[in-house]
Amino acid sequence: MDQIFSKIEEKSVLSKEEVVKLLSVDTTSAEFYRLLYLARKYSEETFANRGYVFAQIGINAEPCSVNCKFCSMAAGHYVLPNRWQKNADEVIEGVKQLVLDRADDIFLMTTADYPVEKFIEIGKAVRPHIPAEIRLVSNIGDIDQPTARRLKEAGFTGAYHIVRMRESVDTQAPVEQRVRTLDAIRDAGLELYYCVEPIGPEHSYEEIAEEIFRAKDYRVEAMAAMRRTPVEGTPLCAYGAISTPELCKIAAVTLLAVRPTRSMNVHEVTEMSLLAGVNQLYAEAGANPRDVDDNTENNRGFNTAALRKMLENSGYTFQ
């Protein structure tokens, strides 16, 4: 472990085997706290203690055919109380509020079946209400490269997309299809936002390391790690959740292995994880796959003011 920690301090590239060893560190050990120190040091040096609050609006609450076993909106076990779509005017009003609330990046999220044409039109309607310095990011289903280019033409600057933990086993999305979308996003010149998620107690450190290295291969600038939220009524709820220290450790290892240049996020929000070099948090509104309330701002979702305060309390500053 001393050799691995020395490699981190020297900014040397970590092997997958070394990442697995770091993920295996006991969260009650001295090595755990050394790991947190190195992650926080990386954050201070690379991010210059700059904090970010990204904000996401879920613009539809409808059954999704991809049937993720952890999602509240899967068609096979839809648990939200209502079904709806926000129209363009509603999305614009939400975006205007996020701009007033000083969100750094604004995300628009849909289920995988939401019509792409409709999403692009909403993006075009929304973009004029967002200052040029604020990024607009899509979080939608799988797309091809022409569609990715159209998203960019509509004013989107980036896209959130990942290969989820046990993709095609706990979801009905083929891994190859997800990878094609990742390539399309990159090749279209959109910024790729990546996250190792949703991590549950049943996932091995080798599985987690696999997704860490996928993100590393795409050279993402904004990285994240997320634990799975047990949603009542979903098939994976019975597995429970990993502990907060475990999430904190995974976030630290992910940061040090991927070495993003702009930000590191942890989800859902835990103050402990800010010890691991996390400098970015998410505010959420509308539908949320981890919530049983179809307006997550009334339940699980944080607002931007609360998150800014949390980051400031941890030593981060805002421009």
# chains A, B, ... in the order shown; residues from 1 in each chain; ligands from 1
$ closest_atom_pairs --of "stretch 1-51 of chain A" --to "stretch 276-298 of chain A" --cutoff "6 Å" --atoms "only C-alpha atoms" --output "JSON lines"
{"residue": "A:Leu36", "atom": "CA", "partner": "A:Ala276", "partner_atom": "CA", "distance": 4.8}
{"residue": "A:Ala39", "atom": "CA", "partner": "A:Gly277", "partner_atom": "CA", "distance": 5.0}
{"residue": "A:Arg40", "atom": "CA", "partner": "A:Gly277", "partner_atom": "CA", "distance": 3.9}
{"residue": "A:Ser43", "atom": "CA", "partner": "A:Gly277", "partner_atom": "CA", "distance": 4.9}
{"residue": "A:Gly51", "atom": "CA", "partner": "A:Asn279", "partner_atom": "CA", "distance": 5.0}
$ write_last_selection --atoms "N, CA and C atoms" --output "mmCIF file, in the first residue's frame"
data_model
loop_
_atom_site.group_PDB
_atom_site.id
_atom_site.type_symbol
_atom_site.label_atom_id
_atom_site.label_comp_id
_atom_site.auth_asym_id
_atom_site.auth_seq_id
_atom_site.Cartn_x
_atom_site.Cartn_y
_atom_site.Cartn_z
ATOM 1 N N LEU A 36 -8.093 9.394 1.953
ATOM 2 C CA LEU A 36 -8.894 10.620 1.935
ATOM 3 C C LEU A 36 -7.995 11.854 1.840
ATOM 4 N N ALA A 39 -6.776 12.267 -1.706
ATOM 5 C CA ALA A 39 -7.851 12.714 -2.589
ATOM 6 C C ALA A 39 -8.153 14.197 -2.373
ATOM 7 N N ARG A 40 -8.203 14.604 -1.121
ATOM 8 C CA ARG A 40 -8.469 16.027 -0.833
ATOM 9 C C ARG A 40 -7.313 16.899 -1.331
ATOM 10 N N SER A 43 -7.719 17.353 -5.010
ATOM 11 C CA SER A 43 -8.787 18.313 -5.249
ATOM 12 C C SER A 43 -8.299 19.739 -5.082
ATOM 13 N N GLY A 51 -15.654 25.184 -5.979
ATOM 14 C CA GLY A 51 -16.843 24.371 -5.813
ATOM 15 C C GLY A 51 -17.822 24.558 -6.961
#
$ residues_around --residues "A:Arg83" --least-positions-apart "5" --cutoff "8 Å" --atoms "only C-alpha atoms" --output "PyMOL selection string"
chain A and resi 60-62
$ residues_around --residues "stretch 117-125 of chain A" --least-positions-apart "3" --cutoff "10 Å" --atoms "only C-alpha atoms" --output "VMD selection string"
chain A and resid 59 86 to 89 91 to 92 108 to 110 114 128 to 129 136 to 138 140 147 150 to 156
$ write_last_selection --atoms "C-alpha atoms" --output "short mmCIF file (atom, residue, chain, number, x, y, z; two decimals), in the first residue's frame"
data_model
loop_
_atom_site.label_atom_id
_atom_site.label_comp_id
_atom_site.auth_asym_id
_atom_site.auth_seq_id
_atom_site.Cartn_x
_atom_site.Cartn_y
_atom_site.Cartn_z
CA ILE A 59 -38.77 16.63 -17.49
CA LYS A 86 -43.29 19.10 -18.67
CA ASN A 87 -43.95 21.36 -21.62
CA ALA A 88 -41.33 23.78 -22.96
CA ASP A 89 -42.68 26.72 -20.95
CA VAL A 91 -38.91 23.67 -18.44
CA ILE A 92 -37.96 27.25 -19.30
CA LEU A 108 -32.23 18.08 -18.60
CA MET A 109 -33.14 14.44 -17.96
CA THR A 110 -35.71 12.14 -19.57
CA TYR A 114 -38.82 10.14 -24.49
CA PRO A 128 -31.54 31.41 -24.98
CA HIS A 129 -32.49 31.68 -21.30
CA LEU A 136 -26.36 22.80 -20.83
CA VAL A 137 -26.18 19.01 -20.54
CA SER A 138 -28.45 16.22 -21.80
CA ILE A 140 -31.30 10.90 -22.14
CA THR A 147 -28.29 12.91 -33.02
CA ARG A 150 -27.92 17.81 -33.41
CA LEU A 151 -27.84 18.13 -29.63
CA LYS A 152 -24.74 20.25 -29.96
CA GLU A 153 -26.34 22.37 -32.68
CA ALA A 154 -29.35 22.88 -30.37
CA GLY A 155 -27.09 24.40 -27.72
CA PHE A 156 -26.15 21.45 -25.54
#
$ closest_atom_pairs --of "stretch 193-218 of chain A" --to "stretch 12-33 of chain A" --cutoff "10 Å" --atoms "only C-alpha atoms" --output "JSON lines"
{"residue": "A:Ser204", "atom": "CA", "partner": "A:Val20", "partner_atom": "CA", "distance": 9.3}
{"residue": "A:Tyr205", "atom": "CA", "partner": "A:Val20", "partner_atom": "CA", "distance": 5.7}
{"residue": "A:Glu206", "atom": "CA", "partner": "A:Val20", "partner_atom": "CA", "distance": 6.2}
{"residue": "A:Glu207", "atom": "CA", "partner": "A:Val20", "partner_atom": "CA", "distance": 9.3}
{"residue": "A:Ile208", "atom": "CA", "partner": "A:Val20", "partner_atom": "CA", "distance": 8.3}
{"residue": "A:Ala209", "atom": "CA", "partner": "A:Val20", "partner_atom": "CA", "distance": 6.3}
{"residue": "A:Glu210", "atom": "CA", "partner": "A:Lys16", "partner_atom": "CA", "distance": 7.9}
{"residue": "A:Ile212", "atom": "CA", "partner": "A:Val19", "partner_atom": "CA", "distance": 8.8}
{"residue": "A:Phe213", "atom": "CA", "partner": "A:Lys16", "partner_atom": "CA", "distance": 7.5}
$ residues_around --residues "A:Thr270" --least-positions-apart "2" --cutoff "10 Å" --atoms "only C-alpha atoms" --output "JSON, numbers by chain"
{"A": [244, 245, 247, 248, 266, 267, 268, 272, 273, 274, 275, 281, 310]}
$ closest_residue --among "A:Ile57, A:Lys96, A:Asp144, A:His161" --to "A:Gly301" --atoms "only C-alpha atoms"
A:Ile57
$ closest_residue --among "A:Thr111, A:Asn67, A:Gln97, A:Asn299" --to "A:Trp84" --atoms "only C-alpha atoms"
A:Thr111
$ closest_residue --among "A:Arg228, A:Gln172, A:Glu312, A:Ile199" --to "A:Ile250" --atoms "only C-alpha atoms"
A:Ile199
$ select_by_dssp --residues "stretch 133-175 of chain A" --states "alpha helix (DSSP H)" --output "PyMOL selection string"
chain A and resi 145-153+175
$ closest_residue --among "A:Ala173, A:Ile4, A:Ala222, A:Cys237" --to "A:Cys195" --atoms "only C-alpha atoms"
A:Ala222
$ decode --residues "stretch 109-151 of chain A" --atoms "N, CA and C atoms" --output "PDB file, in the first residue's frame"
ATOM      1  N   MET A 109     -33.099  15.896 -17.974  1.00  0.00           N
ATOM      2  CA  MET A 109     -33.136  14.435 -17.963  1.00  0.00           C
ATOM      3  C   MET A 109     -34.498  13.923 -18.410  1.00  0.00           C
ATOM      4  N   THR A 110     -34.482  12.829 -19.176  1.00  0.00           N
ATOM      5  CA  THR A 110     -35.710  12.142 -19.568  1.00  0.00           C
ATOM      6  C   THR A 110     -35.525  10.636 -19.385  1.00  0.00           C
ATOM      7  N   THR A 111     -36.621   9.913 -19.467  1.00  0.00           N
ATOM      8  CA  THR A 111     -36.535   8.457 -19.561  1.00  0.00           C
ATOM      9  C   THR A 111     -36.055   8.101 -20.970  1.00  0.00           C
ATOM     10  N   ALA A 112     -35.663   6.847 -21.160  1.00  0.00           N
ATOM     11  CA  ALA A 112     -35.059   6.432 -22.434  1.00  0.00           C
ATOM     12  C   ALA A 112     -36.029   6.497 -23.607  1.00  0.00           C
ATOM     13  N   ASP A 113     -37.340   6.409 -23.345  1.00  0.00           N
ATOM     14  CA  ASP A 113     -38.325   6.381 -24.422  1.00  0.00           C
ATOM     15  C   ASP A 113     -38.815   7.767 -24.841  1.00  0.00           C
ATOM     16  N   TYR A 114     -38.367   8.788 -24.165  1.00  0.00           N
ATOM     17  CA  TYR A 114     -38.823  10.142 -24.487  1.00  0.00           C
ATOM     18  C   TYR A 114     -38.384  10.503 -25.907  1.00  0.00           C
ATOM     19  N   PRO A 115     -39.275  11.082 -26.729  1.00  0.00           N
ATOM     20  CA  PRO A 115     -38.925  11.382 -28.125  1.00  0.00           C
ATOM     21  C   PRO A 115     -37.738  12.346 -28.238  1.00  0.00           C
ATOM     22  N   VAL A 116     -36.723  11.948 -28.975  1.00  0.00           N
ATOM     23  CA  VAL A 116     -35.528  12.768 -29.124  1.00  0.00           C
ATOM     24  C   VAL A 116     -35.855  14.098 -29.800  1.00  0.00           C
ATOM     25  N   GLU A 117     -36.726  14.071 -30.801  1.00  0.00           N
ATOM     26  CA  GLU A 117     -37.080  15.303 -31.513  1.00  0.00           C
ATOM     27  C   GLU A 117     -37.667  16.323 -30.544  1.00  0.00           C
ATOM     28  N   LYS A 118     -38.530  15.858 -29.677  1.00  0.00           N
ATOM     29  CA  LYS A 118     -39.159  16.744 -28.702  1.00  0.00           C
ATOM     30  C   LYS A 118     -38.114  17.298 -27.745  1.00  0.00           C
ATOM     31  N   PHE A 119     -37.167  16.449 -27.340  1.00  0.00           N
ATOM     32  CA  PHE A 119     -36.110  16.881 -26.423  1.00  0.00           C
ATOM     33  C   PHE A 119     -35.238  17.961 -27.070  1.00  0.00           C
ATOM     34  N   ILE A 120     -34.899  17.770 -28.335  1.00  0.00           N
ATOM     35  CA  ILE A 120     -34.070  18.752 -29.038  1.00  0.00           C
ATOM     36  C   ILE A 120     -34.802  20.090 -29.145  1.00  0.00           C
ATOM     37  N   GLU A 121     -36.098  20.047 -29.404  1.00  0.00           N
ATOM     38  CA  GLU A 121     -36.871  21.281 -29.495  1.00  0.00           C
ATOM     39  C   GLU A 121     -36.916  22.002 -28.153  1.00  0.00           C
ATOM     40  N   ILE A 122     -37.041  21.252 -27.066  1.00  0.00           N
ATOM     41  CA  ILE A 122     -37.015  21.872 -25.739  1.00  0.00           C
ATOM     42  C   ILE A 122     -35.644  22.478 -25.473  1.00  0.00           C
ATOM     43  N   GLY A 123     -34.594  21.783 -25.884  1.00  0.00           N
ATOM     44  CA  GLY A 123     -33.247  22.321 -25.725  1.00  0.00           C
ATOM     45  C   GLY A 123     -33.075  23.643 -26.447  1.00  0.00           C
ATOM     46  N   LYS A 124     -33.585  23.715 -27.670  1.00  0.00           N
ATOM     47  CA  LYS A 124     -33.503  24.954 -28.443  1.00  0.00           C
ATOM     48  C   LYS A 124     -34.270  26.081 -27.751  1.00  0.00           C
ATOM     49  N   ALA A 125     -35.412  25.740 -27.153  1.00  0.00           N
ATOM     50  CA  ALA A 125     -36.230  26.751 -26.481  1.00  0.00           C
ATOM     51  C   ALA A 125     -35.581  27.238 -25.195  1.00  0.00           C
ATOM     52  N   VAL A 126     -34.858  26.343 -24.534  1.00  0.00           N
ATOM     53  CA  VAL A 126     -34.254  26.644 -23.234  1.00  0.00           C
ATOM     54  C   VAL A 126     -32.965  27.445 -23.361  1.00  0.00           C
ATOM     55  N   ARG A 127     -32.152  27.135 -24.361  1.00  0.00           N
ATOM     56  CA  ARG A 127     -30.797  27.689 -24.436  1.00  0.00           C
ATOM     57  C   ARG A 127     -30.734  29.218 -24.392  1.00  0.00           C
ATOM     58  N   PRO A 128     -31.633  29.951 -25.045  1.00  0.00           N
ATOM     59  CA  PRO A 128     -31.542  31.414 -24.981  1.00  0.00           C
ATOM     60  C   PRO A 128     -31.719  31.994 -23.579  1.00  0.00           C
ATOM     61  N   HIS A 129     -32.252  31.212 -22.663  1.00  0.00           N
ATOM     62  CA  HIS A 129     -32.491  31.683 -21.301  1.00  0.00           C
ATOM     63  C   HIS A 129     -31.332  31.340 -20.361  1.00  0.00           C
ATOM     64  N   ILE A 130     -30.269  30.772 -20.921  1.00  0.00           N
ATOM     65  CA  ILE A 130     -29.120  30.366 -20.120  1.00  0.00           C
ATOM     66  C   ILE A 130     -27.903  31.173 -20.552  1.00  0.00           C
ATOM     67  N   PRO A 131     -27.230  31.854 -19.640  1.00  0.00           N
ATOM     68  CA  PRO A 131     -26.019  32.602 -20.003  1.00  0.00           C
ATOM     69  C   PRO A 131     -24.976  31.690 -20.652  1.00  0.00           C
ATOM     70  N   ALA A 132     -24.180  32.254 -21.522  1.00  0.00           N
ATOM     71  CA  ALA A 132     -23.209  31.469 -22.293  1.00  0.00           C
ATOM     72  C   ALA A 132     -22.231  30.709 -21.409  1.00  0.00           C
ATOM     73  N   GLU A 133     -21.926  31.243 -20.209  1.00  0.00           N
ATOM     74  CA  GLU A 133     -20.941  30.593 -19.346  1.00  0.00           C
ATOM     75  C   GLU A 133     -21.502  29.378 -18.606  1.00  0.00           C
ATOM     76  N   ILE A 134     -22.812  29.156 -18.672  1.00  0.00           N
ATOM     77  CA  ILE A 134     -23.432  28.001 -18.015  1.00  0.00           C
ATOM     78  C   ILE A 134     -23.618  26.888 -19.036  1.00  0.00           C
ATOM     79  N   ARG A 135     -23.100  25.724 -18.724  1.00  0.00           N
ATOM     80  CA  ARG A 135     -23.211  24.582 -19.631  1.00  0.00           C
ATOM     81  C   ARG A 135     -24.626  23.993 -19.586  1.00  0.00           C
ATOM     82  N   LEU A 136     -25.076  23.498 -20.732  1.00  0.00           N
ATOM     83  CA  LEU A 136     -26.363  22.804 -20.832  1.00  0.00           C
ATOM     84  C   LEU A 136     -26.079  21.359 -21.219  1.00  0.00           C
ATOM     85  N   VAL A 137     -26.572  20.419 -20.413  1.00  0.00           N
ATOM     86  CA  VAL A 137     -26.182  19.009 -20.539  1.00  0.00           C
ATOM     87  C   VAL A 137     -27.413  18.129 -20.697  1.00  0.00           C
ATOM     88  N   SER A 138     -27.352  17.173 -21.611  1.00  0.00           N
ATOM     89  CA  SER A 138     -28.448  16.220 -21.803  1.00  0.00           C
ATOM     90  C   SER A 138     -28.204  14.960 -20.984  1.00  0.00           C
ATOM     91  N   ASN A 139     -29.294  14.371 -20.513  1.00  0.00           N
ATOM     92  CA  ASN A 139     -29.241  13.079 -19.811  1.00  0.00           C
ATOM     93  C   ASN A 139     -30.430  12.280 -20.323  1.00  0.00           C
ATOM     94  N   ILE A 140     -30.217  11.602 -21.452  1.00  0.00           N
ATOM     95  CA  ILE A 140     -31.300  10.905 -22.136  1.00  0.00           C
ATOM     96  C   ILE A 140     -30.861   9.482 -22.484  1.00  0.00           C
ATOM     97  N   GLY A 141     -31.675   8.783 -23.278  1.00  0.00           N
ATOM     98  CA  GLY A 141     -31.355   7.411 -23.661  1.00  0.00           C
ATOM     99  C   GLY A 141     -30.244   7.342 -24.697  1.00  0.00           C
ATOM    100  N   ASP A 142     -30.058   6.168 -25.250  1.00  0.00           N
ATOM    101  CA  ASP A 142     -28.994   5.963 -26.220  1.00  0.00           C
ATOM    102  C   ASP A 142     -29.279   6.705 -27.521  1.00  0.00           C
ATOM    103  N   ILE A 143     -28.228   7.256 -28.115  1.00  0.00           N
ATOM    104  CA  ILE A 143     -28.336   8.034 -29.347  1.00  0.00           C
ATOM    105  C   ILE A 143     -27.188   7.677 -30.290  1.00  0.00           C
ATOM    106  N   ASP A 144     -27.352   8.053 -31.567  1.00  0.00           N
ATOM    107  CA  ASP A 144     -26.270   7.861 -32.531  1.00  0.00           C
ATOM    108  C   ASP A 144     -25.527   9.183 -32.722  1.00  0.00           C
ATOM    109  N   GLN A 145     -24.467   9.144 -33.552  1.00  0.00           N
ATOM    110  CA  GLN A 145     -23.647  10.343 -33.708  1.00  0.00           C
ATOM    111  C   GLN A 145     -24.386  11.504 -34.385  1.00  0.00           C
ATOM    112  N   PRO A 146     -25.196  11.272 -35.417  1.00  0.00           N
ATOM    113  CA  PRO A 146     -25.948  12.403 -35.978  1.00  0.00           C
ATOM    114  C   PRO A 146     -26.836  13.097 -34.947  1.00  0.00           C
ATOM    115  N   THR A 147     -27.453  12.312 -34.067  1.00  0.00           N
ATOM    116  CA  THR A 147     -28.290  12.906 -33.017  1.00  0.00           C
ATOM    117  C   THR A 147     -27.438  13.683 -32.029  1.00  0.00           C
ATOM    118  N   ALA A 148     -26.272  13.148 -31.698  1.00  0.00           N
ATOM    119  CA  ALA A 148     -25.365  13.864 -30.802  1.00  0.00           C
ATOM    120  C   ALA A 148     -24.961  15.204 -31.395  1.00  0.00           C
ATOM    121  N   ARG A 149     -24.712  15.222 -32.700  1.00  0.00           N
ATOM    122  CA  ARG A 149     -24.361  16.483 -33.362  1.00  0.00           C
ATOM    123  C   ARG A 149     -25.531  17.464 -33.325  1.00  0.00           C
ATOM    124  N   ARG A 150     -26.732  16.945 -33.468  1.00  0.00           N
ATOM    125  CA  ARG A 150     -27.916  17.810 -33.412  1.00  0.00           C
ATOM    126  C   ARG A 150     -28.116  18.384 -32.014  1.00  0.00           C
ATOM    127  N   LEU A 151     -27.785  17.603 -30.990  1.00  0.00           N
ATOM    128  CA  LEU A 151     -27.845  18.131 -29.630  1.00  0.00           C
ATOM    129  C   LEU A 151     -26.891  19.310 -29.478  1.00  0.00           C
TER     130      LEU A 151
END
